[in-house]
file my_file.txt (compact mmCIF, N, CA and C atoms)
# COMPACT_ATOMS: atom_id res chain seq x y z
N MET A 16 2.94 -7.31 19.92
CA MET A 16 1.93 -6.92 18.94
C MET A 16 2.56 -5.97 17.91
N GLN A 17 2.38 -6.27 16.64
CA GLN A 17 2.93 -5.42 15.60
C GLN A 17 2.14 -4.12 15.50
N LYS A 18 2.87 -3.05 15.20
CA LYS A 18 2.23 -1.77 14.98
C LYS A 18 1.61 -1.68 13.59
N HIS A 19 2.20 -2.41 12.65
CA HIS A 19 1.77 -2.34 11.27
C HIS A 19 2.06 -3.65 10.56
N GLU A 20 1.35 -3.87 9.46
CA GLU A 20 1.65 -5.03 8.63
C GLU A 20 1.10 -4.78 7.23
N ILE A 21 1.77 -5.37 6.25
CA ILE A 21 1.28 -5.31 4.87
C ILE A 21 0.28 -6.43 4.69
N LEU A 22 -0.91 -6.08 4.22
CA LEU A 22 -1.96 -7.07 3.99
C LEU A 22 -1.97 -7.54 2.54
N ALA A 23 -1.61 -6.66 1.61
CA ALA A 23 -1.57 -6.99 0.18
C ALA A 23 -0.65 -6.02 -0.51
N SER A 24 0.05 -6.48 -1.54
CA SER A 24 0.95 -5.60 -2.29
C SER A 24 1.14 -6.20 -3.68
N GLU A 25 0.97 -5.37 -4.72
CA GLU A 25 1.13 -5.84 -6.08
C GLU A 25 1.80 -4.78 -6.94
N SER A 26 2.41 -5.23 -8.01
CA SER A 26 3.14 -4.34 -8.92
C SER A 26 2.24 -3.59 -9.88
N ASN A 27 0.99 -4.02 -10.02
CA ASN A 27 0.12 -3.37 -10.98
C ASN A 27 -1.33 -3.43 -10.53
N GLY A 28 -2.15 -2.54 -11.11
CA GLY A 28 -3.57 -2.53 -10.82
C GLY A 28 -4.03 -1.32 -10.03
N GLY A 29 -3.09 -0.53 -9.53
CA GLY A 29 -3.46 0.66 -8.76
C GLY A 29 -3.78 1.84 -9.65
N SER A 30 -4.05 2.95 -9.02
CA SER A 30 -4.37 4.19 -9.73
C SER A 30 -3.13 4.76 -10.40
N GLN A 31 -3.34 5.56 -11.45
CA GLN A 31 -2.24 6.26 -12.09
C GLN A 31 -1.72 7.39 -11.21
N ASN A 32 -2.52 7.82 -10.26
CA ASN A 32 -2.15 8.92 -9.38
C ASN A 32 -1.79 8.42 -7.99
N VAL A 33 -0.82 9.07 -7.37
CA VAL A 33 -0.44 8.75 -6.00
C VAL A 33 -1.59 9.17 -5.09
N GLY A 34 -1.92 8.32 -4.12
CA GLY A 34 -2.97 8.66 -3.18
C GLY A 34 -3.29 7.51 -2.26
N PHE A 35 -4.17 7.79 -1.30
CA PHE A 35 -4.54 6.76 -0.33
C PHE A 35 -6.03 6.78 -0.06
N GLU A 36 -6.50 5.69 0.51
CA GLU A 36 -7.90 5.56 0.91
C GLU A 36 -7.94 4.70 2.16
N ILE A 37 -8.80 5.05 3.10
CA ILE A 37 -9.00 4.24 4.31
C ILE A 37 -10.00 3.14 3.97
N ILE A 38 -9.64 1.91 4.26
CA ILE A 38 -10.52 0.76 4.05
C ILE A 38 -11.34 0.58 5.32
N LYS A 39 -12.65 0.46 5.17
CA LYS A 39 -13.54 0.51 6.33
C LYS A 39 -13.87 -0.84 6.98
N ASN A 40 -13.92 -1.91 6.17
CA ASN A 40 -14.32 -3.20 6.73
C ASN A 40 -13.91 -4.33 5.79
N GLN A 41 -14.25 -5.57 6.14
CA GLN A 41 -13.85 -6.74 5.36
C GLN A 41 -14.37 -6.68 3.94
N GLU A 42 -15.62 -6.31 3.76
CA GLU A 42 -16.21 -6.24 2.42
C GLU A 42 -15.51 -5.19 1.56
N HIS A 43 -15.23 -4.04 2.13
CA HIS A 43 -14.52 -2.97 1.43
C HIS A 43 -13.12 -3.45 1.04
N LEU A 44 -12.43 -4.15 1.93
CA LEU A 44 -11.11 -4.70 1.66
C LEU A 44 -11.17 -5.67 0.48
N LYS A 45 -12.11 -6.59 0.51
CA LYS A 45 -12.28 -7.56 -0.58
C LYS A 45 -12.55 -6.84 -1.90
N ASN A 46 -13.44 -5.85 -1.89
CA ASN A 46 -13.78 -5.12 -3.11
C ASN A 46 -12.57 -4.39 -3.68
N LYS A 47 -11.78 -3.74 -2.85
CA LYS A 47 -10.63 -2.99 -3.33
C LYS A 47 -9.56 -3.91 -3.92
N ILE A 48 -9.30 -5.03 -3.27
CA ILE A 48 -8.32 -5.98 -3.82
C ILE A 48 -8.82 -6.52 -5.16
N THR A 49 -10.08 -6.91 -5.21
CA THR A 49 -10.66 -7.44 -6.45
C THR A 49 -10.63 -6.39 -7.55
N GLU A 50 -11.00 -5.14 -7.24
CA GLU A 50 -10.98 -4.05 -8.23
C GLU A 50 -9.57 -3.81 -8.77
N ASN A 51 -8.57 -3.79 -7.88
CA ASN A 51 -7.21 -3.52 -8.32
C ASN A 51 -6.70 -4.61 -9.25
N PHE A 52 -7.01 -5.86 -8.96
CA PHE A 52 -6.60 -6.93 -9.87
C PHE A 52 -7.36 -6.83 -11.18
N ALA A 53 -8.65 -6.54 -11.11
CA ALA A 53 -9.46 -6.42 -12.33
C ALA A 53 -8.95 -5.30 -13.23
N SER A 54 -8.52 -4.19 -12.64
CA SER A 54 -8.03 -3.07 -13.45
C SER A 54 -6.72 -3.44 -14.15
N ALA A 55 -6.01 -4.45 -13.65
CA ALA A 55 -4.79 -4.94 -14.30
C ALA A 55 -5.11 -6.10 -15.24
N GLY A 56 -6.42 -6.41 -15.40
CA GLY A 56 -6.83 -7.49 -16.28
C GLY A 56 -6.60 -8.87 -15.71
N MET A 57 -6.63 -8.98 -14.38
CA MET A 57 -6.34 -10.26 -13.73
C MET A 57 -7.41 -10.60 -12.70
N GLU A 58 -7.47 -11.87 -12.38
CA GLU A 58 -8.26 -12.33 -11.24
C GLU A 58 -7.38 -12.21 -10.00
N PRO A 59 -7.95 -12.02 -8.80
CA PRO A 59 -7.11 -11.98 -7.60
C PRO A 59 -6.27 -13.25 -7.48
N ILE A 60 -4.96 -13.05 -7.25
CA ILE A 60 -4.05 -14.19 -7.14
C ILE A 60 -3.63 -14.43 -5.69
N MET A 61 -4.43 -13.91 -4.78
CA MET A 61 -4.11 -14.08 -3.36
C MET A 61 -5.40 -14.35 -2.60
N ASP A 62 -5.26 -14.97 -1.46
CA ASP A 62 -6.40 -15.07 -0.56
C ASP A 62 -6.65 -13.69 0.02
N ILE A 63 -7.90 -13.33 0.15
CA ILE A 63 -8.23 -12.04 0.75
C ILE A 63 -7.92 -12.13 2.25
N PRO A 64 -7.05 -11.23 2.74
CA PRO A 64 -6.70 -11.29 4.17
C PRO A 64 -7.88 -10.89 5.05
N SER A 65 -7.84 -11.31 6.29
CA SER A 65 -8.86 -10.90 7.26
C SER A 65 -8.62 -9.47 7.68
N PHE A 66 -9.71 -8.74 7.83
CA PHE A 66 -9.61 -7.35 8.28
C PHE A 66 -9.14 -7.37 9.74
N PRO A 67 -8.04 -6.68 10.03
CA PRO A 67 -7.50 -6.73 11.40
C PRO A 67 -8.39 -5.99 12.41
N LYS A 68 -8.46 -6.54 13.59
CA LYS A 68 -9.22 -5.89 14.68
C LYS A 68 -8.38 -4.76 15.26
N ASP A 69 -9.04 -3.70 15.66
CA ASP A 69 -8.39 -2.57 16.33
C ASP A 69 -7.27 -1.96 15.52
N LYS A 70 -7.41 -1.94 14.20
CA LYS A 70 -6.41 -1.33 13.32
C LYS A 70 -7.13 -0.47 12.29
N LYS A 71 -6.41 0.48 11.75
CA LYS A 71 -6.87 1.26 10.62
C LYS A 71 -6.17 0.66 9.40
N VAL A 72 -6.92 0.45 8.31
CA VAL A 72 -6.37 -0.17 7.11
C VAL A 72 -6.32 0.86 5.99
N VAL A 73 -5.17 0.94 5.32
CA VAL A 73 -4.91 1.97 4.31
C VAL A 73 -4.56 1.31 2.98
N LEU A 74 -5.21 1.76 1.91
CA LEU A 74 -4.81 1.41 0.55
C LEU A 74 -3.98 2.58 0.04
N TYR A 75 -2.76 2.30 -0.43
CA TYR A 75 -1.88 3.35 -0.95
C TYR A 75 -1.50 3.02 -2.39
N ASN A 76 -1.78 3.96 -3.29
CA ASN A 76 -1.39 3.84 -4.69
C ASN A 76 -0.11 4.63 -4.89
N LEU A 77 0.91 3.98 -5.47
CA LEU A 77 2.20 4.63 -5.68
C LEU A 77 2.24 5.47 -6.95
N GLY A 78 1.21 5.37 -7.79
CA GLY A 78 1.18 6.13 -9.04
C GLY A 78 1.69 5.31 -10.20
N ARG A 79 2.04 5.99 -11.30
CA ARG A 79 2.47 5.31 -12.52
C ARG A 79 3.99 5.35 -12.66
N PHE A 80 4.55 4.21 -13.06
CA PHE A 80 5.98 4.09 -13.34
C PHE A 80 6.16 3.55 -14.75
N ASN A 81 7.23 3.97 -15.42
CA ASN A 81 7.51 3.52 -16.78
C ASN A 81 8.23 2.18 -16.83
N SER A 82 8.99 1.85 -15.80
CA SER A 82 9.69 0.56 -15.80
C SER A 82 10.15 0.24 -14.38
N GLY A 83 10.60 -0.99 -14.19
CA GLY A 83 11.11 -1.40 -12.88
C GLY A 83 10.06 -2.08 -12.04
N ASP A 84 10.50 -2.61 -10.91
CA ASP A 84 9.62 -3.29 -9.96
C ASP A 84 9.49 -2.40 -8.73
N HIS A 85 8.31 -1.90 -8.49
CA HIS A 85 8.10 -0.96 -7.39
C HIS A 85 7.16 -1.52 -6.32
N LYS A 86 7.02 -2.83 -6.28
CA LYS A 86 6.17 -3.48 -5.29
C LYS A 86 6.76 -3.29 -3.89
N ILE A 87 5.95 -2.86 -2.95
CA ILE A 87 6.38 -2.68 -1.56
C ILE A 87 6.29 -4.04 -0.86
N GLN A 88 7.42 -4.48 -0.31
CA GLN A 88 7.46 -5.78 0.35
C GLN A 88 7.73 -5.70 1.85
N GLU A 89 8.08 -4.50 2.32
CA GLU A 89 8.41 -4.36 3.75
C GLU A 89 8.17 -2.92 4.18
N ILE A 90 7.69 -2.76 5.39
CA ILE A 90 7.58 -1.45 6.03
C ILE A 90 8.55 -1.48 7.20
N LYS A 91 9.50 -0.56 7.20
CA LYS A 91 10.50 -0.50 8.28
C LYS A 91 9.92 0.17 9.53
N ASN A 92 9.16 1.24 9.31
CA ASN A 92 8.63 2.01 10.43
C ASN A 92 7.48 2.87 9.94
N ILE A 93 6.61 3.25 10.86
CA ILE A 93 5.54 4.20 10.57
C ILE A 93 5.50 5.22 11.69
N SER A 94 5.10 6.43 11.35
CA SER A 94 4.95 7.47 12.36
C SER A 94 3.98 8.52 11.83
N VAL A 95 3.44 9.29 12.74
CA VAL A 95 2.54 10.39 12.37
C VAL A 95 3.09 11.67 12.95
N LYS A 96 3.16 12.70 12.11
CA LYS A 96 3.59 14.02 12.55
C LYS A 96 2.84 15.05 11.74
N ASP A 97 2.23 16.01 12.42
CA ASP A 97 1.48 17.08 11.76
C ASP A 97 0.45 16.53 10.77
N ASN A 98 -0.30 15.53 11.19
CA ASN A 98 -1.35 14.90 10.37
C ASN A 98 -0.86 14.21 9.11
N VAL A 99 0.44 13.88 9.05
CA VAL A 99 1.00 13.13 7.92
C VAL A 99 1.45 11.77 8.44
N LEU A 100 0.99 10.71 7.79
CA LEU A 100 1.45 9.36 8.11
C LEU A 100 2.69 9.09 7.26
N TYR A 101 3.83 8.92 7.91
CA TYR A 101 5.08 8.62 7.23
C TYR A 101 5.28 7.11 7.25
N VAL A 102 5.44 6.54 6.08
CA VAL A 102 5.64 5.10 5.93
C VAL A 102 7.05 4.89 5.40
N GLU A 103 7.92 4.36 6.25
CA GLU A 103 9.32 4.17 5.87
C GLU A 103 9.48 2.79 5.22
N VAL A 104 9.92 2.82 3.96
CA VAL A 104 10.10 1.59 3.20
C VAL A 104 11.53 1.51 2.70
N PRO A 105 12.08 0.30 2.56
CA PRO A 105 13.47 0.16 2.09
C PRO A 105 13.64 0.67 0.66
N MET A 106 14.75 1.38 0.44
CA MET A 106 15.13 1.75 -0.92
C MET A 106 15.64 0.49 -1.58
N ARG A 107 15.28 0.30 -2.83
CA ARG A 107 15.84 -0.85 -3.53
C ARG A 107 15.91 -0.55 -5.01
N GLU A 108 16.99 -0.98 -5.59
CA GLU A 108 17.19 -0.81 -7.02
C GLU A 108 16.38 -1.89 -7.73
N SER A 109 15.76 -1.52 -8.85
CA SER A 109 14.94 -2.50 -9.56
C SER A 109 15.64 -3.09 -10.77
N GLY A 110 16.94 -2.87 -10.90
CA GLY A 110 17.68 -3.53 -11.97
C GLY A 110 18.16 -2.55 -13.02
N GLY A 111 18.98 -3.04 -13.92
CA GLY A 111 19.56 -2.22 -14.98
C GLY A 111 18.66 -2.14 -16.18
N MET A 112 19.10 -2.72 -17.29
CA MET A 112 18.34 -2.69 -18.53
C MET A 112 17.07 -3.53 -18.36
N GLN A 113 15.95 -2.90 -18.60
CA GLN A 113 14.68 -3.61 -18.47
C GLN A 113 13.77 -3.25 -19.62
N ILE A 114 12.85 -4.13 -19.89
CA ILE A 114 11.81 -3.82 -20.86
C ILE A 114 10.93 -2.74 -20.23
N GLN A 115 10.61 -1.74 -21.01
CA GLN A 115 9.79 -0.67 -20.46
C GLN A 115 8.33 -1.12 -20.41
N VAL A 116 7.80 -1.14 -19.23
CA VAL A 116 6.42 -1.54 -18.99
C VAL A 116 5.80 -0.53 -18.05
N LEU A 117 4.59 -0.10 -18.35
CA LEU A 117 3.89 0.79 -17.43
C LEU A 117 3.34 -0.04 -16.29
N SER A 118 3.49 0.47 -15.06
CA SER A 118 2.92 -0.23 -13.91
C SER A 118 2.33 0.78 -12.94
N ASN A 119 1.34 0.32 -12.20
CA ASN A 119 0.66 1.15 -11.20
C ASN A 119 0.62 0.36 -9.88
N PRO A 120 1.75 0.32 -9.15
CA PRO A 120 1.81 -0.48 -7.93
C PRO A 120 0.93 0.08 -6.80
N TRP A 121 0.50 -0.82 -5.92
CA TRP A 121 -0.33 -0.46 -4.79
C TRP A 121 -0.03 -1.43 -3.65
N PHE A 122 -0.37 -0.98 -2.44
CA PHE A 122 -0.30 -1.90 -1.30
C PHE A 122 -1.31 -1.49 -0.25
N ILE A 123 -1.72 -2.47 0.53
CA ILE A 123 -2.68 -2.25 1.62
C ILE A 123 -1.97 -2.65 2.90
N PHE A 124 -2.04 -1.77 3.90
CA PHE A 124 -1.35 -2.03 5.16
C PHE A 124 -2.19 -1.53 6.32
N SER A 125 -1.83 -1.99 7.52
CA SER A 125 -2.57 -1.57 8.72
C SER A 125 -1.67 -0.72 9.60
N VAL A 126 -2.31 0.16 10.34
CA VAL A 126 -1.64 1.01 11.33
C VAL A 126 -2.52 1.01 12.58
N PRO A 127 -1.97 1.43 13.71
CA PRO A 127 -2.80 1.51 14.92
C PRO A 127 -4.04 2.38 14.67
N SER A 128 -5.16 1.96 15.24
CA SER A 128 -6.44 2.65 15.00
C SER A 128 -6.47 4.08 15.52
N ASN A 129 -5.58 4.42 16.47
CA ASN A 129 -5.60 5.77 17.02
C ASN A 129 -4.79 6.77 16.18
N TYR A 130 -4.14 6.31 15.11
CA TYR A 130 -3.37 7.23 14.25
C TYR A 130 -4.35 8.12 13.48
N GLN A 131 -4.15 9.42 13.59
CA GLN A 131 -4.97 10.40 12.88
C GLN A 131 -4.10 11.09 11.84
N PHE A 132 -4.53 11.05 10.57
CA PHE A 132 -3.73 11.66 9.50
C PHE A 132 -4.63 12.05 8.34
N THR A 133 -4.17 13.02 7.57
CA THR A 133 -4.91 13.48 6.40
C THR A 133 -4.13 13.25 5.11
N SER A 134 -2.88 12.80 5.23
CA SER A 134 -2.09 12.45 4.06
C SER A 134 -1.09 11.36 4.43
N VAL A 135 -0.58 10.69 3.40
CA VAL A 135 0.39 9.62 3.57
C VAL A 135 1.59 9.94 2.71
N GLN A 136 2.78 9.74 3.26
CA GLN A 136 4.01 9.98 2.51
C GLN A 136 4.95 8.82 2.70
N LEU A 137 5.43 8.24 1.58
CA LEU A 137 6.45 7.21 1.67
C LEU A 137 7.79 7.87 1.95
N LYS A 138 8.55 7.23 2.82
CA LYS A 138 9.85 7.76 3.23
C LYS A 138 10.90 6.67 2.99
N PRO A 139 11.81 6.86 2.02
CA PRO A 139 12.80 5.82 1.75
C PRO A 139 13.81 5.67 2.88
N SER A 140 14.22 4.42 3.15
CA SER A 140 15.25 4.15 4.15
C SER A 140 16.34 3.32 3.50
N ASN A 141 17.48 3.28 4.12
CA ASN A 141 18.60 2.48 3.59
C ASN A 141 18.59 1.10 4.16

call {"tool": "encode", "arguments": {"input": "my_file.txt", "output": "structure tokens"}}
result
Amino acid sequence: MQKHEILASESNGGSQNVGFEIIKNQEHLKNKITENFASAGMEPIMDIPSFPKDKKVVLYNLGRFNSGDHKIQEIKNISVKDNVLYVEVPMRESGGMQIQVLSNPWFIFSVPSNYQFTSVQLKPSN
């Protein structure tokens, strides 16, 4: 049984500010995915995933970036310490010369339901 999984991840449509929100149920999950695509001026381009049983679901906004691809595609590990959920994601270079585009990446992922935390922090890994 996996401890965590990414349910949705996109390069744009999230908040300009870094932050997280706990998704409560299937309807809330559908609404958040639809809202994030709408804020990027798009229709949802994915099937809405099923809300996992016995898991806590988290929407995480990475904030605003001026250029590059900051879409989260993998979670290496998760842990909780002192009420902080640490999400370890691979470091990756997004390329050299690029057209400057503003983006607001976001992703939705699940963690074990017994994890208790009041903040989320991304932790880069090699």

call {"tool": "residues_around", "arguments": {"input": "my_file.txt", "residues": "Ser30 (chain A)", "least_positions_apart": "6", "cutoff": "10 Å", "atoms": "only C-alpha atoms", "output": "PyMOL selection string"}}
result
chain A and resi 51+54+75-79+118-121

call {"tool": "write_last_selection", "arguments": {"input": "my_file.txt", "atoms": "N, CA and C atoms", "output": "CSV table (one decimal), in the frame of the given file"}}
result
chain,number,residue,atom,x,y,z
A,51,ASN,N,-8.6,-3.8,-7.9
A,51,ASN,CA,-7.2,-3.5,-8.3
A,51,ASN,C,-6.7,-4.6,-9.2
A,54,SER,N,-8.5,-4.2,-12.6
A,54,SER,CA,-8.0,-3.1,-13.4
A,54,SER,C,-6.7,-3.4,-14.2
A,75,TYR,N,-2.8,2.3,-0.4
A,75,TYR,CA,-1.9,3.4,-1.0
A,75,TYR,C,-1.5,3.0,-2.4
A,76,ASN,N,-1.8,4.0,-3.3
A,76,ASN,CA,-1.4,3.8,-4.7
A,76,ASN,C,-0.1,4.6,-4.9
A,77,LEU,N,0.9,4.0,-5.5
A,77,LEU,CA,2.2,4.6,-5.7
A,77,LEU,C,2.2,5.5,-7.0
A,78,GLY,N,1.2,5.4,-7.8
A,78,GLY,CA,1.2,6.1,-9.0
A,78,GLY,C,1.7,5.3,-10.2
A,79,ARG,N,2.0,6.0,-11.3
A,79,ARG,CA,2.5,5.3,-12.5
A,79,ARG,C,4.0,5.4,-12.7
A,118,SER,N,3.5,0.5,-15.1
A,118,SER,CA,2.9,-0.2,-13.9
A,118,SER,C,2.3,0.8,-12.9
A,119,ASN,N,1.3,0.3,-12.2
A,119,ASN,CA,0.7,1.2,-11.2
A,119,ASN,C,0.6,0.4,-9.9
A,120,PRO,N,1.8,0.3,-9.2
A,120,PRO,CA,1.8,-0.5,-7.9
A,120,PRO,C,0.9,0.1,-6.8
A,121,TRP,N,0.5,-0.8,-5.9
A,121,TRP,CA,-0.3,-0.5,-4.8
A,121,TRP,C,0.0,-1.4,-3.6

call {"tool": "residues_around", "arguments": {"input": "my_file.txt", "residues": "region 16-29 of chain A", "least_positions_apart": "2", "cutoff": "8 Å", "atoms": "all atoms listed in the file", "output": "compact mmCIF listing (two decimals) with N, CA and C atoms, in the coordinates of the input"}}
result
# COMPACT_ATOMS: atom_id res chain seq x y z
N GLN A 31 -3.34 5.56 -11.45
CA GLN A 31 -2.24 6.26 -12.09
C GLN A 31 -1.72 7.39 -11.21
N ASN A 32 -2.52 7.82 -10.26
CA ASN A 32 -2.15 8.92 -9.38
C ASN A 32 -1.79 8.42 -7.99
N ILE A 48 -9.30 -5.03 -3.27
CA ILE A 48 -8.32 -5.98 -3.82
C ILE A 48 -8.82 -6.52 -5.16
N GLU A 50 -11.00 -5.14 -7.24
CA GLU A 50 -10.98 -4.05 -8.23
C GLU A 50 -9.57 -3.81 -8.77
N ASN A 51 -8.57 -3.79 -7.88
CA ASN A 51 -7.21 -3.52 -8.32
C ASN A 51 -6.70 -4.61 -9.25
N PHE A 52 -7.01 -5.86 -8.96
CA PHE A 52 -6.60 -6.93 -9.87
C PHE A 52 -7.36 -6.83 -11.18
N ALA A 53 -8.65 -6.54 -11.11
CA ALA A 53 -9.46 -6.42 -12.33
C ALA A 53 -8.95 -5.30 -13.23
N SER A 54 -8.52 -4.19 -12.64
CA SER A 54 -8.03 -3.07 -13.45
C SER A 54 -6.72 -3.44 -14.15
N ALA A 55 -6.01 -4.45 -13.65
CA ALA A 55 -4.79 -4.94 -14.30
C ALA A 55 -5.11 -6.10 -15.24
N GLY A 56 -6.42 -6.41 -15.40
CA GLY A 56 -6.83 -7.49 -16.28
C GLY A 56 -6.60 -8.87 -15.71
N MET A 57 -6.63 -8.98 -14.38
CA MET A 57 -6.34 -10.26 -13.73
C MET A 57 -7.41 -10.60 -12.70
N ILE A 63 -7.90 -13.33 0.15
CA ILE A 63 -8.23 -12.04 0.75
C ILE A 63 -7.92 -12.13 2.25
N PRO A 64 -7.05 -11.23 2.74
CA PRO A 64 -6.70 -11.29 4.17
C PRO A 64 -7.88 -10.89 5.05
N SER A 65 -7.84 -11.31 6.29
CA SER A 65 -8.86 -10.90 7.26
C SER A 65 -8.62 -9.47 7.68
N TYR A 75 -2.76 2.30 -0.43
CA TYR A 75 -1.88 3.35 -0.95
C TYR A 75 -1.50 3.02 -2.39
N ASN A 76 -1.78 3.96 -3.29
CA ASN A 76 -1.39 3.84 -4.69
C ASN A 76 -0.11 4.63 -4.89
N LEU A 77 0.91 3.98 -5.47
CA LEU A 77 2.20 4.63 -5.68
C LEU A 77 2.24 5.47 -6.95
N GLY A 78 1.21 5.37 -7.79
CA GLY A 78 1.18 6.13 -9.04
C GLY A 78 1.69 5.31 -10.20
N ARG A 79 2.04 5.99 -11.30
CA ARG A 79 2.47 5.31 -12.52
C ARG A 79 3.99 5.35 -12.66
N GLY A 83 10.60 -0.99 -14.19
CA GLY A 83 11.11 -1.40 -12.88
C GLY A 83 10.06 -2.08 -12.04
N ASP A 84 10.50 -2.61 -10.91
CA ASP A 84 9.62 -3.29 -9.96
C ASP A 84 9.49 -2.40 -8.73
N HIS A 85 8.31 -1.90 -8.49
CA HIS A 85 8.10 -0.96 -7.39
C HIS A 85 7.16 -1.52 -6.32
N LYS A 86 7.02 -2.83 -6.28
CA LYS A 86 6.17 -3.48 -5.29
C LYS A 86 6.76 -3.29 -3.89
N ILE A 87 5.95 -2.86 -2.95
CA ILE A 87 6.38 -2.68 -1.56
C ILE A 87 6.29 -4.04 -0.86
N GLN A 88 7.42 -4.48 -0.31
CA GLN A 88 7.46 -5.78 0.35
C GLN A 88 7.73 -5.70 1.85
N GLU A 89 8.08 -4.50 2.32
CA GLU A 89 8.41 -4.36 3.75
C GLU A 89 8.17 -2.92 4.18
N ILE A 90 7.69 -2.76 5.39
CA ILE A 90 7.58 -1.45 6.03
C ILE A 90 8.55 -1.48 7.20
N ASN A 92 9.16 1.24 9.31
CA ASN A 92 8.63 2.01 10.43
C ASN A 92 7.48 2.87 9.94
N ILE A 93 6.61 3.25 10.86
CA ILE A 93 5.54 4.20 10.57
C ILE A 93 5.50 5.22 11.69
N LEU A 117 4.59 -0.10 -18.35
CA LEU A 117 3.89 0.79 -17.43
C LEU A 117 3.34 -0.04 -16.29
N SER A 118 3.49 0.47 -15.06
CA SER A 118 2.92 -0.23 -13.91
C SER A 118 2.33 0.78 -12.94
N ASN A 119 1.34 0.32 -12.20
CA ASN A 119 0.66 1.15 -11.20
C ASN A 119 0.62 0.36 -9.88
N PRO A 120 1.75 0.32 -9.15
CA PRO A 120 1.81 -0.48 -7.93
C PRO A 120 0.93 0.08 -6.80
N TRP A 121 0.50 -0.82 -5.92
CA TRP A 121 -0.33 -0.46 -4.79
C TRP A 121 -0.03 -1.43 -3.65
N PHE A 122 -0.37 -0.98 -2.44
CA PHE A 122 -0.30 -1.90 -1.30
C PHE A 122 -1.31 -1.49 -0.25
N ILE A 123 -1.72 -2.47 0.53
CA ILE A 123 -2.68 -2.25 1.62
C ILE A 123 -1.97 -2.65 2.90
N PHE A 124 -2.04 -1.77 3.90
CA PHE A 124 -1.35 -2.03 5.16
C PHE A 124 -2.19 -1.53 6.32
N SER A 125 -1.83 -1.99 7.52
CA SER A 125 -2.57 -1.57 8.72
C SER A 125 -1.67 -0.72 9.60
N VAL A 126 -2.31 0.16 10.34
CA VAL A 126 -1.64 1.01 11.33
C VAL A 126 -2.52 1.01 12.58
N PRO A 127 -1.97 1.43 13.71
CA PRO A 127 -2.80 1.51 14.92
C PRO A 127 -4.04 2.38 14.67
N SER A 128 -5.16 1.96 15.24
CA SER A 128 -6.44 2.65 15.00
C SER A 128 -6.47 4.08 15.52

call {"tool": "select_by_dssp", "arguments": {"input": "my_file.txt", "residues": "region 49-118 of chain A", "states": "strand (DSSP E)", "output": "list in words"}}
result
Lys70, Lys71, Val72, Val73, Leu74, Tyr75, Asn76, Asn92, Ile93, Ser94, Val95, Lys96, Val99, Leu100, Tyr101, Val102, Glu103, Val104 and Pro105 of chain A

call {"tool": "select_by_dssp", "arguments": {"input": "my_file.txt", "residues": "region 34-82 of chain A", "states": "alpha helix (DSSP H)", "output": "ChimeraX atom specification"}}
result
/A:41-54

call {"tool": "closest_residue", "arguments": {"input": "my_file.txt", "among": "A:Lys91, A:Lys47, A:Lys70, A:Lys39", "to": "Tyr130 (chain A)", "atoms": "only C-alpha atoms"}}
result
A:Lys70

call {"tool": "atom_distance", "arguments": {"input": "my_file.txt", "atom1": "CA of Lys96 (chain A)", "atom2": "CA of Phe35 (chain A)"}}
result
16.9 Å

call {"tool": "atom_distance", "arguments": {"input": "my_file.txt", "atom1": "atom N of Asn40 (chain A)", "atom2": "atom C of Ile60 (chain A)"}}
result
20.1 Å

call {"tool": "atom_distance", "arguments": {"input": "my_file.txt", "atom1": "atom N of Phe66 (chain A)", "atom2": "atom C of Val99 (chain A)"}}
result
23.4 Å

call {"tool": "residues_around", "arguments": {"input": "my_file.txt", "residues": "Ser134 (chain A)", "least_positions_apart": "2", "cutoff": "9 Å", "atoms": "only C-alpha atoms", "output": "ChimeraX atom specification"}}
result
/A:34-35,98-101,132,136
